[in-house]
$ cat query-v2.tsv   # TSV, C-alpha atoms
chain	number	residue	atom	x	y	z
A	27	MET	CA	4.32	-30.44	-12.93
A	28	LEU	CA	5.59	-27.18	-11.45
A	29	GLU	CA	9.26	-27.01	-10.53
A	30	VAL	CA	11.04	-24.16	-8.76
A	31	LEU	CA	14.81	-23.87	-8.31
A	32	LEU	CA	16.02	-22.09	-5.19
A	33	HIS	CA	19.67	-21.05	-4.90
A	34	ILE	CA	20.91	-20.50	-1.34
A	35	SER	CA	24.40	-19.54	-0.14
A	36	VAL	CA	25.46	-21.49	2.96
A	37	SER	CA	28.65	-22.06	4.90
A	38	CYS	CA	29.37	-25.72	5.53
A	39	CYS	CA	32.67	-27.31	6.55
A	40	GLU	CA	31.61	-30.74	5.26
A	41	CYS	CA	30.61	-29.48	1.81
A	42	LYS	CA	33.34	-27.00	1.10
A	43	ALA	CA	35.40	-24.39	2.92
A	44	GLY	CA	33.80	-20.95	2.82
A	45	GLU	CA	30.61	-20.36	0.92
A	46	SER	CA	29.04	-22.82	-1.46
A	47	SER	CA	25.94	-22.79	-3.57
A	48	VAL	CA	23.34	-25.44	-2.70
A	49	GLU	CA	20.55	-26.09	-5.17
A	50	VAL	CA	17.29	-27.01	-3.49
A	51	LYS	CA	14.72	-28.49	-5.84
A	52	THR	CA	11.08	-28.79	-4.90
A	53	GLU	CA	8.03	-30.05	-6.75
A	54	ALA	CA	4.62	-28.56	-6.13
A	55	ASP	CA	2.94	-31.99	-6.11
A	56	SER	CA	5.49	-33.55	-3.75
A	57	ASN	CA	5.01	-34.12	-0.02
A	58	ASP	CA	8.74	-34.13	0.74
A	59	ILE	CA	10.37	-31.46	2.93
A	60	THR	CA	13.70	-30.35	1.53
A	61	GLU	CA	16.45	-29.55	4.03
A	62	HIS	CA	20.23	-29.24	4.29
A	63	PRO	CA	21.82	-32.70	3.80
A	64	HIS	CA	23.78	-32.69	7.08
A	65	ASP	CA	21.65	-33.44	10.13
A	66	ASP	CA	23.97	-31.69	12.58
A	67	LYS	CA	23.85	-28.38	10.70
A	68	PRO	CA	21.15	-25.66	10.60
A	69	LYS	CA	18.32	-26.82	8.34
A	70	LEU	CA	16.14	-24.94	5.91
A	71	TYR	CA	12.67	-26.41	5.85
A	72	LEU	CA	10.99	-25.50	2.59
A	73	CYS	CA	7.26	-25.50	1.91
A	74	THR	CA	6.67	-27.50	-1.27
A	75	VAL	CA	3.52	-25.53	-2.15
A	76	CYS	CA	4.59	-21.87	-1.93
A	77	HIS	CA	8.36	-22.39	-1.49
A	78	LYS	CA	8.59	-20.35	1.71
A	79	GLY	CA	11.54	-21.36	3.89
A	80	PHE	CA	11.70	-21.88	7.66
A	81	SER	CA	14.59	-22.49	10.05
A	82	LYS	CA	12.51	-24.68	12.38
A	83	LYS	CA	10.33	-27.63	11.50
A	84	HIS	CA	7.46	-26.71	13.83
A	85	ASN	CA	7.22	-23.32	12.10
A	86	LEU	CA	6.89	-25.12	8.77
A	87	ASN	CA	4.23	-27.46	10.15
A	88	ARG	CA	2.22	-24.52	11.42
A	89	HIS	CA	2.61	-22.78	8.05
A	90	LYS	CA	1.43	-25.90	6.16
A	91	GLN	CA	-2.00	-25.52	7.77
A	92	ILE	CA	-2.58	-22.66	5.34
A	93	HIS	CA	-2.48	-25.12	2.43
A	94	THR	CA	-3.92	-28.26	4.04
A	95	THR	CA	-6.81	-27.16	6.27
A	96	GLY	CA	-9.70	-24.75	6.16
A	97	LYS	CA	-10.45	-21.88	8.51
A	98	LEU	CA	-12.07	-23.75	11.40
A	99	TYR	CA	-12.30	-21.03	14.05
A	100	SER	CA	-14.85	-18.27	13.40
A	101	CYS	CA	-15.23	-14.99	15.21
A	102	SER	CA	-18.64	-14.60	16.88
A	103	GLN	CA	-18.66	-10.82	16.34
A	104	CYS	CA	-17.66	-10.59	12.68
A	105	LYS	CA	-17.39	-12.84	9.63
A	106	LYS	CA	-13.66	-13.53	9.90
A	107	SER	CA	-12.38	-17.09	10.29
A	108	PHE	CA	-8.98	-18.38	11.37
A	109	ARG	CA	-6.96	-21.55	10.98
A	110	THR	CA	-5.83	-21.81	14.61
A	111	LEU	CA	-7.39	-21.02	17.96
A	112	SER	CA	-4.45	-18.81	18.93
A	113	TYR	CA	-5.07	-16.60	15.88
A	114	LEU	CA	-8.74	-16.29	16.84
A	115	LYS	CA	-7.87	-15.33	20.44
A	116	ALA	CA	-5.48	-12.66	19.21
A	117	HIS	CA	-8.17	-11.36	16.84
A	118	MET	CA	-10.71	-11.04	19.70
A	119	ASN	CA	-8.46	-8.40	21.28
A	120	VAL	CA	-9.45	-6.15	18.38
A	121	HIS	CA	-13.13	-6.33	19.38
A	122	SER	CA	-12.40	-5.89	23.09
A	123	SER	CA	-10.20	-2.83	22.36
A	124	LYS	CA	-7.54	-4.26	24.67
A	125	TYR	CA	-4.77	-2.77	22.56
A	126	LYS	CA	-6.21	0.53	21.33
A	127	CYS	CA	-4.22	3.41	19.84
A	128	SER	CA	-4.87	6.63	21.76
A	129	GLU	CA	-4.06	8.70	18.65
A	130	CYS	CA	-6.46	7.32	16.04
A	131	GLY	CA	-8.49	4.65	17.86
A	132	ARG	CA	-7.18	1.71	15.84
A	133	CYS	CA	-7.33	-1.59	17.75
A	134	SER	CA	-4.51	-4.13	17.47
A	135	SER	CA	-4.46	-7.84	18.22
A	136	ASN	CA	-1.41	-7.71	20.54
A	137	SER	CA	0.92	-5.28	22.29
A	138	TYR	CA	3.72	-5.65	19.74
A	139	GLU	CA	1.41	-4.78	16.85
A	140	LEU	CA	0.21	-1.73	18.79
A	141	THR	CA	3.81	-0.65	19.50
A	142	VAL	CA	4.67	-0.88	15.80
A	143	HIS	CA	1.51	1.00	14.84
A	144	ARG	CA	2.25	3.86	17.25
A	145	ARG	CA	5.50	4.46	15.41
A	146	SER	CA	3.45	5.60	12.40
A	147	HIS	CA	2.29	8.55	14.53
A	148	SER	CA	5.55	9.29	16.35
A	149	GLY	CA	7.77	8.76	13.31
A	150	GLU	CA	10.08	6.55	15.37
A	151	LYS	CA	12.32	4.29	13.24
A	152	PRO	CA	14.71	2.41	15.55
A	153	PHE	CA	16.15	0.03	12.94
A	154	GLU	CA	18.93	1.47	10.77
A	155	CYS	CA	20.57	0.01	7.67
A	156	THR	CA	24.36	-0.19	8.15
A	157	VAL	CA	24.95	0.34	4.43
A	158	CYS	CA	22.84	3.38	3.50
A	159	SER	CA	21.64	4.55	6.96
A	160	LYS	CA	17.99	4.31	5.94
A	161	ARG	CA	15.79	3.72	8.99
A	162	PHE	CA	12.74	1.50	9.49
A	163	SER	CA	9.98	1.11	12.06
A	164	GLN	CA	10.11	-2.72	11.96
A	165	SER	CA	13.05	-5.12	12.00
A	166	GLY	CA	11.45	-7.24	9.29
A	167	ARG	CA	11.39	-4.30	6.91
A	168	LEU	CA	15.09	-3.72	7.58
A	169	VAL	CA	15.83	-7.38	6.77
A	170	ARG	CA	13.93	-7.12	3.48
A	171	HIS	CA	15.63	-3.83	2.67
A	172	SER	CA	19.09	-5.33	3.30
A	173	ARG	CA	18.54	-7.72	0.42
A	174	ILE	CA	18.64	-4.72	-1.93
A	175	HIS	CA	22.31	-4.28	-1.05
A	176	SER	CA	23.15	-7.99	-1.02
A	177	GLY	CA	21.24	-8.69	-4.25
A	178	VAL	CA	19.76	-11.91	-2.83
A	179	LYS	CA	16.59	-12.95	-4.67
A	180	LEU	CA	15.57	-16.44	-3.68
A	181	PHE	CA	12.14	-16.67	-5.28
A	182	LYS	CA	11.78	-16.86	-9.05
A	183	CYS	CA	8.58	-16.55	-11.08
A	184	PHE	CA	8.08	-19.61	-13.29
A	185	LEU	CA	6.06	-17.58	-15.81
A	186	CYS	CA	8.40	-14.68	-16.60
A	187	ASP	CA	11.65	-15.57	-14.78
A	188	LYS	CA	11.47	-12.43	-12.62
A	189	ALA	CA	13.09	-12.98	-9.22
A	190	PHE	CA	12.06	-11.67	-5.78
A	191	SER	CA	13.64	-11.49	-2.36
A	192	GLU	CA	10.39	-12.45	-0.58
A	193	SER	CA	7.97	-15.29	-1.21
A	194	GLY	CA	5.05	-12.96	-0.49
A	195	ASN	CA	6.20	-10.65	-3.28
A	196	LEU	CA	6.38	-13.63	-5.64
A	197	ASN	CA	2.85	-14.75	-4.73
A	198	THR	CA	1.51	-11.23	-5.31
A	199	HIS	CA	3.40	-11.01	-8.62
A	200	ILE	CA	1.91	-14.28	-9.86
A	201	ARG	CA	-1.59	-12.87	-9.29
A	202	PHE	CA	-0.87	-10.21	-11.90
A	203	HIS	CA	-0.24	-13.03	-14.40
A	204	THR	CA	-3.36	-14.96	-13.44
A	205	GLY	CA	-5.61	-11.96	-12.81
A	206	GLU	CA	-6.58	-13.39	-9.42
A	207	LYS	CA	-8.07	-10.89	-6.94
A	208	PRO	CA	-8.80	-12.86	-3.76
A	209	PHE	CA	-9.41	-9.89	-1.45
A	210	LYS	CA	-13.02	-8.77	-1.78
A	211	CYS	CA	-14.60	-5.71	-0.19
A	212	SER	CA	-17.63	-6.66	1.90
A	213	LEU	CA	-19.24	-3.26	1.32
A	214	CYS	CA	-19.13	-2.86	-2.47
A	215	ASP	CA	-17.98	-6.28	-3.77
A	216	LYS	CA	-14.90	-4.77	-5.43
A	217	SER	CA	-11.92	-7.15	-5.47
A	218	PHE	CA	-8.20	-6.50	-5.05
A	219	THR	CA	-4.91	-8.26	-5.68
A	220	THR	CA	-3.43	-7.59	-2.24
A	221	SER	CA	-4.85	-7.18	1.25
A	222	SER	CA	-3.12	-3.81	1.62
A	223	ASP	CA	-4.96	-2.54	-1.47
A	224	LEU	CA	-8.23	-3.70	0.10
A	225	GLN	CA	-7.50	-1.95	3.41
A	226	THR	CA	-6.58	1.26	1.59
A	227	HIS	CA	-9.80	1.03	-0.43
A	228	LYS	CA	-11.94	0.62	2.71
A	229	ARG	CA	-10.28	3.53	4.46
A	230	CYS	CA	-10.37	5.89	1.49
A	231	VAL	CA	-13.79	5.02	0.04
A	232	HIS	CA	-15.96	3.69	2.89
A	233	SER	CA	-14.51	5.51	5.90
A	234	ASN	CA	-14.21	9.17	6.89
A	235	ARG	CA	-11.34	8.52	9.30
A	236	ARG	CA	-8.28	10.67	8.58
A	237	PRO	CA	-5.55	9.77	11.12
A	238	TYR	CA	-2.61	11.40	9.28
A	239	ASP	CA	-2.16	15.16	9.71
A	240	CYS	CA	0.24	17.53	7.98
A	241	CYS	CA	2.72	19.17	10.36
A	242	TYR	CA	2.83	22.28	8.12
A	243	CYS	CA	-0.85	23.15	7.66
A	244	GLY	CA	-2.79	20.63	9.75
A	245	LYS	CA	-4.66	19.11	6.79
A	246	LEU	CA	-5.83	15.53	7.45
A	247	PHE	CA	-5.34	12.50	5.22
A	248	LYS	CA	-6.61	8.94	5.13
A	249	SER	CA	-3.27	7.31	4.29
A	250	ASN	CA	0.39	7.94	5.00
A	251	GLY	CA	1.07	7.88	1.25
A	252	GLU	CA	-1.36	10.74	0.67
A	253	LEU	CA	0.32	12.72	3.45
A	254	LYS	CA	3.80	12.18	2.00
A	255	ARG	CA	2.67	13.37	-1.43
A	256	HIS	CA	1.02	16.42	0.12
A	257	VAL	CA	4.11	17.39	2.16
A	258	ARG	CA	6.07	17.82	-1.09
A	259	ILE	CA	3.91	20.89	-1.77
A	260	HIS	CA	5.31	22.52	1.38
A	261	THR	CA	8.91	21.33	1.04
A	262	GLY	CA	9.14	21.95	-2.70
A	263	ALA	CA	10.58	18.47	-3.28
A	264	LYS	CA	10.54	17.31	-6.90
A	265	PRO	CA	11.74	13.70	-6.95
A	266	TYR	CA	10.57	12.92	-10.50
A	267	SER	CA	13.11	14.08	-13.10
A	268	CYS	CA	12.79	13.97	-16.87
A	269	THR	CA	15.54	11.98	-18.60
A	270	HIS	CA	15.26	14.13	-21.74
A	271	CYS	CA	15.56	17.60	-20.19
A	272	SER	CA	16.23	19.36	-16.90
A	273	GLU	CA	12.57	19.49	-15.79
A	274	SER	CA	11.61	17.96	-12.42
A	275	PHE	CA	8.17	17.35	-10.98
A	276	THR	CA	6.48	16.93	-7.62
A	277	PHE	CA	4.24	14.03	-8.69
A	278	ASP	CA	4.77	11.11	-11.03
A	279	VAL	CA	1.60	11.90	-13.00
A	280	GLN	CA	3.08	15.30	-13.86
A	281	LEU	CA	6.20	13.62	-15.24
A	282	LYS	CA	4.13	11.19	-17.32
A	283	SER	CA	2.09	14.04	-18.76
A	284	HIS	CA	5.28	16.00	-19.53
A	285	LEU	CA	6.88	13.04	-21.33
A	286	LEU	CA	3.78	12.57	-23.42
A	287	LYS	CA	3.25	16.22	-24.37
A	288	SER	CA	6.87	17.46	-24.67
A	289	HIS	CA	8.80	14.38	-25.78
A	290	ASN	CA	6.06	12.26	-27.39
A	291	GLU	CA	6.93	9.37	-25.05
A	292	GLY	CA	3.89	7.41	-23.96
A	293	THR	CA	0.40	6.70	-25.19
A	294	TRP	CA	-2.60	8.99	-25.66
A	295	PHE	CA	-5.98	7.56	-24.68
A	296	THR	CA	-8.58	8.79	-27.18
A	297	CYS	CA	-12.32	9.02	-26.69
A	298	HIS	CA	-14.01	7.13	-29.54
A	299	ILE	CA	-17.04	9.47	-29.37
A	300	CYS	CA	-15.54	12.98	-29.43
A	301	GLN	CA	-11.87	12.16	-30.15
A	302	LYS	CA	-10.68	14.05	-27.06
A	303	LYS	CA	-7.28	12.83	-25.86
A	304	PHE	CA	-6.19	11.99	-22.32
A	305	SER	CA	-2.81	11.18	-20.80
A	306	ARG	CA	-4.27	8.58	-18.42
A	307	ASN	CA	-6.75	5.79	-19.05
A	308	SER	CA	-8.56	6.56	-15.77
A	309	HIS	CA	-9.25	10.08	-17.04
A	310	LEU	CA	-10.68	8.64	-20.24
A	311	GLU	CA	-12.93	6.28	-18.28
A	312	SER	CA	-14.25	9.19	-16.20
A	313	HIS	CA	-14.82	11.18	-19.39
A	314	LEU	CA	-16.81	8.35	-21.00
A	315	LEU	CA	-19.22	8.38	-18.06
A	316	ARG	CA	-20.26	11.88	-19.08
A	317	HIS	CA	-21.19	10.64	-22.56
A	318	GLU	CA	-23.18	7.78	-21.04
A	319	GLY	CA	-24.79	10.00	-18.40
A	320	VAL	CA	-23.73	7.62	-15.64
A	321	LYS	CA	-23.04	9.16	-12.21
A	322	PRO	CA	-21.69	6.30	-10.06
A	323	TYR	CA	-20.78	8.43	-7.04
A	324	VAL	CA	-23.95	9.24	-5.08
A	325	CYS	CA	-24.25	11.42	-1.96
A	326	SER	CA	-25.84	9.46	0.89
A	327	GLU	CA	-27.43	12.63	2.29
A	328	CYS	CA	-29.24	14.11	-0.72
A	329	LEU	CA	-28.79	11.33	-3.34
A	330	LEU	CA	-27.16	13.75	-5.79
A	331	GLY	CA	-24.93	11.90	-8.28
A	332	PHE	CA	-21.45	12.77	-9.54
A	333	TYR	CA	-19.13	11.54	-12.28
A	334	ARG	CA	-15.97	11.59	-10.16
A	335	ALA	CA	-15.18	10.62	-6.56
A	336	ALA	CA	-13.38	13.94	-6.03
A	337	GLU	CA	-16.57	15.82	-6.95
A	338	LEU	CA	-18.52	13.81	-4.36
A	339	ARG	CA	-15.90	14.43	-1.65
A	340	THR	CA	-16.11	18.17	-2.27
A	341	HIS	CA	-19.93	18.07	-2.25
A	342	VAL	CA	-20.09	16.15	1.05
A	343	LEU	CA	-18.46	19.12	2.80
A	344	MET	CA	-21.70	21.02	2.21
A	345	HIS	CA	-23.49	18.64	4.59
A	346	SER	CA	-20.83	18.83	7.31
A	347	ASP	CA	-19.14	21.46	9.46
A	348	ILE	CA	-15.71	20.65	8.04
A	349	LYS	CA	-13.95	23.73	6.65
A	350	ARG	CA	-10.53	22.72	5.35
A	351	PHE	CA	-9.46	25.90	3.52
A	352	CYS	CA	-8.13	28.86	5.49
A	353	CYS	CA	-7.56	32.46	4.36
A	354	THR	CA	-3.95	33.30	5.19
A	355	SER	CA	-4.84	36.99	5.46
A	356	CYS	CA	-7.65	36.96	8.05
A	357	GLY	CA	-7.79	33.32	9.21
A	358	ARG	CA	-11.38	32.67	8.09
A	359	HIS	CA	-12.13	29.08	7.06
A	360	PHE	CA	-14.09	27.83	4.06
A	361	ALA	CA	-15.40	24.46	2.93
A	362	TYR	CA	-14.50	24.96	-0.73
A	363	LYS	CA	-11.22	26.01	-2.29
A	364	HIS	CA	-12.76	28.38	-4.86
A	365	ASN	CA	-14.53	30.24	-2.02
A	366	VAL	CA	-11.32	30.89	-0.12
A	367	VAL	CA	-9.58	32.01	-3.34
A	368	ARG	CA	-12.33	34.51	-4.09
A	369	HIS	CA	-12.40	35.73	-0.47
A	370	PHE	CA	-8.61	36.06	-0.30
A	371	ALA	CA	-8.58	38.42	-3.31
A	372	LYS	CA	-11.18	40.63	-1.65
A	373	CYS	CA	-9.56	40.38	1.78
A	374	SER	CA	-6.12	41.31	0.46
A	375	TYR	CA	-7.55	44.32	-1.38
A	376	GLU	CA	-9.28	45.59	1.77
A	377	VAL	CA	-6.14	45.17	3.87
A	378	GLY	CA	-4.11	47.02	1.23
A	379	SER	CA	-6.66	49.86	1.09
A	380	GLU	CA	-6.50	50.32	4.87
A	381	GLY	CA	-2.74	50.69	4.76
A	382	MET	CA	-2.89	53.50	2.17
$ encode --input "query-v2.tsv" --output "structure tokens"
Amino acid sequence: MLEVLLHISVSCCECKAGESSVEVKTEADSNDITEHPHDDKPKLYLCTVCHKGFSKKHNLNRHKQIHTTGKLYSCSQCKKSFRTLSYLKAHMNVHSSKYKCSECGRCSSNSYELTVHRRSHSGEKPFECTVCSKRFSQSGRLVRHSRIHSGVKLFKCFLCDKAFSESGNLNTHIRFHTGEKPFKCSLCDKSFTTSSDLQTHKRCVHSNRRPYDCCYCGKLFKSNGELKRHVRIHTGAKPYSCTHCSESFTFDVQLKSHLLKSHNEGTWFTCHICQKKFSRNSHLESHLLRHEGVKPYVCSECLLGFYRAAELRTHVLMHSDIKRFCCTSCGRHFAYKHNVVRHFAKCSYEVGSEGM
């Protein structure tokens, strides 16, 4: 039997003046709905399966359909299914392009979702934290952020006692204990722990869409995270500092490599065939493919295989008109970085010779 204890601070004149701590106990195999003991006071309706709380009973009843019923309403245009008819109707707006972003072409299910999405392009963040002045594009993100300052963590993992401020974070955390990966890619059968990881995978691996552009050089990226990491190159920001010395780094992987090589903090990953050492396990895995002769990344145009995804991405430029690298001396564009480097050396020499 699985038991979860939830501590909630409430103000109640009948219990005690000021704030009091109410212990709400739920059992995963119980059908009871736990609520505040006084009927004339605001109630917290708690789901006994995933422990998510609701202020209104009808919201809880709608949420319980996730655990008690299957997905009865299927989309006629794709394979997605939904638990309620209203969810299906909202989803159909995606196919009809009723709420379509004029910047990147992404279709949303409703006007609010489209409004929030557009803020990713405009950079608008209308919701500000009153404690640290950090701004957010959605009110829900501000609410979750505020719990950092208040220290409220209602949801506790029953396997490792780690606590979370959101039930969704707890559910995701538990999957790391169980190894569950319920989100499966329909294109390559790869599975993921979270839906956001799956969406990122689809966009970065199976799509050529790059909706995020750098305001400094115009380079395009598939995710906002990639863009933020790239911008550090222009701004010179180095947010990762070594705790042993004064060195700072632009990327976290640089810090990890520094700790391993300079301070012997970390773990080397050693190839069992040639004894070559790597600072990251992913680098070792890519290296082992070379010993095995396996080239998992294949070009769809010429069927040429590659050991690494980065090698394939560079190769694909040969089949397209995309030229991402620009010579800062003459403005000529090149598909490959090594070509622009070689050209720049020659171009700079010629310009210098003319000025003599």
$ closest_residue --input "query-v2.tsv" --among "A:Pro237, A:Gly79, A:Gly177, A:Pro208" --to "Gly131 (chain A)" --atoms "only C-alpha atoms"
A:Pro237
$ atom_distance --input "query-v2.tsv" --atom1 "CA of Leu314 (chain A)" --atom2 "CA of Thr296 (chain A)"
10.3 Å
$ residues_around --input "query-v2.tsv" --residues "region 255-264 of chain A" --least-positions-apart "2" --cutoff "10 Å" --atoms "only C-alpha atoms" --output "VMD selection string"
chain A and resid 240 to 243 245 247 250 to 253 266 to 267 273 to 278
$ write_last_selection --input "query-v2.tsv" --atoms "C-alpha atoms" --output "short mmCIF file (atom, residue, chain, number, x, y, z; two decimals), in the coordinates of the input"
data_model
loop_
_atom_site.label_atom_id
_atom_site.label_comp_id
_atom_site.auth_asym_id
_atom_site.auth_seq_id
_atom_site.Cartn_x
_atom_site.Cartn_y
_atom_site.Cartn_z
CA CYS A 240 0.24 17.53 7.98
CA CYS A 241 2.72 19.17 10.36
CA TYR A 242 2.83 22.28 8.12
CA CYS A 243 -0.85 23.15 7.66
CA LYS A 245 -4.66 19.11 6.79
CA PHE A 247 -5.34 12.50 5.22
CA ASN A 250 0.39 7.94 5.00
CA GLY A 251 1.07 7.88 1.25
CA GLU A 252 -1.36 10.74 0.67
CA LEU A 253 0.32 12.72 3.45
CA TYR A 266 10.57 12.92 -10.50
CA SER A 267 13.11 14.08 -13.10
CA GLU A 273 12.57 19.49 -15.79
CA SER A 274 11.61 17.96 -12.42
CA PHE A 275 8.17 17.35 -10.98
CA THR A 276 6.48 16.93 -7.62
CA PHE A 277 4.24 14.03 -8.69
CA ASP A 278 4.77 11.11 -11.03
#
$ atom_distance --input "query-v2.tsv" --atom1 "CA of Glu327 (chain A)" --atom2 "CA of Val342 (chain A)"
8.2 Å
$ atom_distance --input "query-v2.tsv" --atom1 "CA of Thr219 (chain A)" --atom2 "CA of Lys207 (chain A)"
4.3 Å
$ residues_around --input "query-v2.tsv" --residues "Tyr125 (chain A)" --least-positions-apart "6" --cutoff "7 Å" --atoms "all atoms listed in the file" --output "PDB file with C-alpha atoms, keeping the file's coordinate frame"
ATOM      1  CA  ASN A 119      -8.460  -8.400  21.280  1.00  0.00           C
ATOM      2  CA  CYS A 133      -7.330  -1.590  17.750  1.00  0.00           C
ATOM      3  CA  SER A 134      -4.510  -4.130  17.470  1.00  0.00           C
ATOM      4  CA  SER A 135      -4.460  -7.840  18.220  1.00  0.00           C
ATOM      5  CA  ASN A 136      -1.410  -7.710  20.540  1.00  0.00           C
ATOM      6  CA  SER A 137       0.920  -5.280  22.290  1.00  0.00           C
ATOM      7  CA  LEU A 140       0.210  -1.730  18.790  1.00  0.00           C
TER       8      LEU A 140
END
$ residues_around --input "query-v2.tsv" --residues "Glu311 (chain A)" --least-positions-apart "6" --cutoff "10 Å" --atoms "only C-alpha atoms" --output "VMD selection string"
chain A and resid 295 297 304
$ closest_residue --input "query-v2.tsv" --among "A:Ser191, A:Lys287, A:Leu185, A:Gln301" --to "His171 (chain A)" --atoms "all atoms listed in the file"
A:Ser191
$ closest_residue --input "query-v2.tsv" --among "A:His309, A:Ile200, A:Ser112, A:Thr293" --to "Lys188 (chain A)" --atoms "all atoms listed in the file"
A:Ile200
$ closest_residue --input "query-v2.tsv" --among "A:Val231, A:Ala336, A:Leu330, A:Val142" --to "Gln164 (chain A)" --atoms "all atoms listed in the file"
A:Val142
$ residues_around --input "query-v2.tsv" --residues "His117 (chain A)" --least-positions-apart "4" --cutoff "12 Å" --atoms "only C-alpha atoms" --output "list in words"
Tyr99, Ser100, Cys101, Ser102, Gln103, Cys104, Lys105, Lys106, Ser107, Phe108, Arg109, Thr110, Leu111, Ser112, Tyr113, His121, Ser122, Ser123, Lys124, Tyr125, Cys133, Ser134, Ser135, Asn136 and Glu139 of chain A
$ residues_around --input "query-v2.tsv" --residues "Phe202 (chain A)" --least-positions-apart "3" --cutoff "12 Å" --atoms "all atoms listed in the file" --output "CSV table (one decimal) with C-alpha atoms, in the frame of the given file"
chain,number,residue,atom,x,y,z
A,183,CYS,CA,8.6,-16.6,-11.1
A,185,LEU,CA,6.1,-17.6,-15.8
A,186,CYS,CA,8.4,-14.7,-16.6
A,195,ASN,CA,6.2,-10.6,-3.3
A,196,LEU,CA,6.4,-13.6,-5.6
A,197,ASN,CA,2.8,-14.8,-4.7
A,198,THR,CA,1.5,-11.2,-5.3
A,199,HIS,CA,3.4,-11.0,-8.6
A,205,GLY,CA,-5.6,-12.0,-12.8
A,206,GLU,CA,-6.6,-13.4,-9.4
A,207,LYS,CA,-8.1,-10.9,-6.9
A,208,PRO,CA,-8.8,-12.9,-3.8
A,218,PHE,CA,-8.2,-6.5,-5.0
A,219,THR,CA,-4.9,-8.3,-5.7
A,220,THR,CA,-3.4,-7.6,-2.2
$ closest_residue --input "query-v2.tsv" --among "A:His232, A:His227, A:Lys78, A:Lys302" --to "Phe190 (chain A)" --atoms "only C-alpha atoms"
A:Lys78
$ axis_aligned_box --input "query-v2.tsv" --around "region 124-142 of chain A" --padding-each-side "8 Å" --output "lines of an AutoDock Vina configuration file"
center_x = -1.9
center_y = 0.4
center_z = 20.2
size_x = 29.2
size_y = 32.5
size_z = 24.9
$ closest_residue --input "query-v2.tsv" --among "A:Val320, A:Glu154, A:Arg132, A:Pro265" --to "Arg229 (chain A)" --atoms "all atoms listed in the file"
A:Arg132
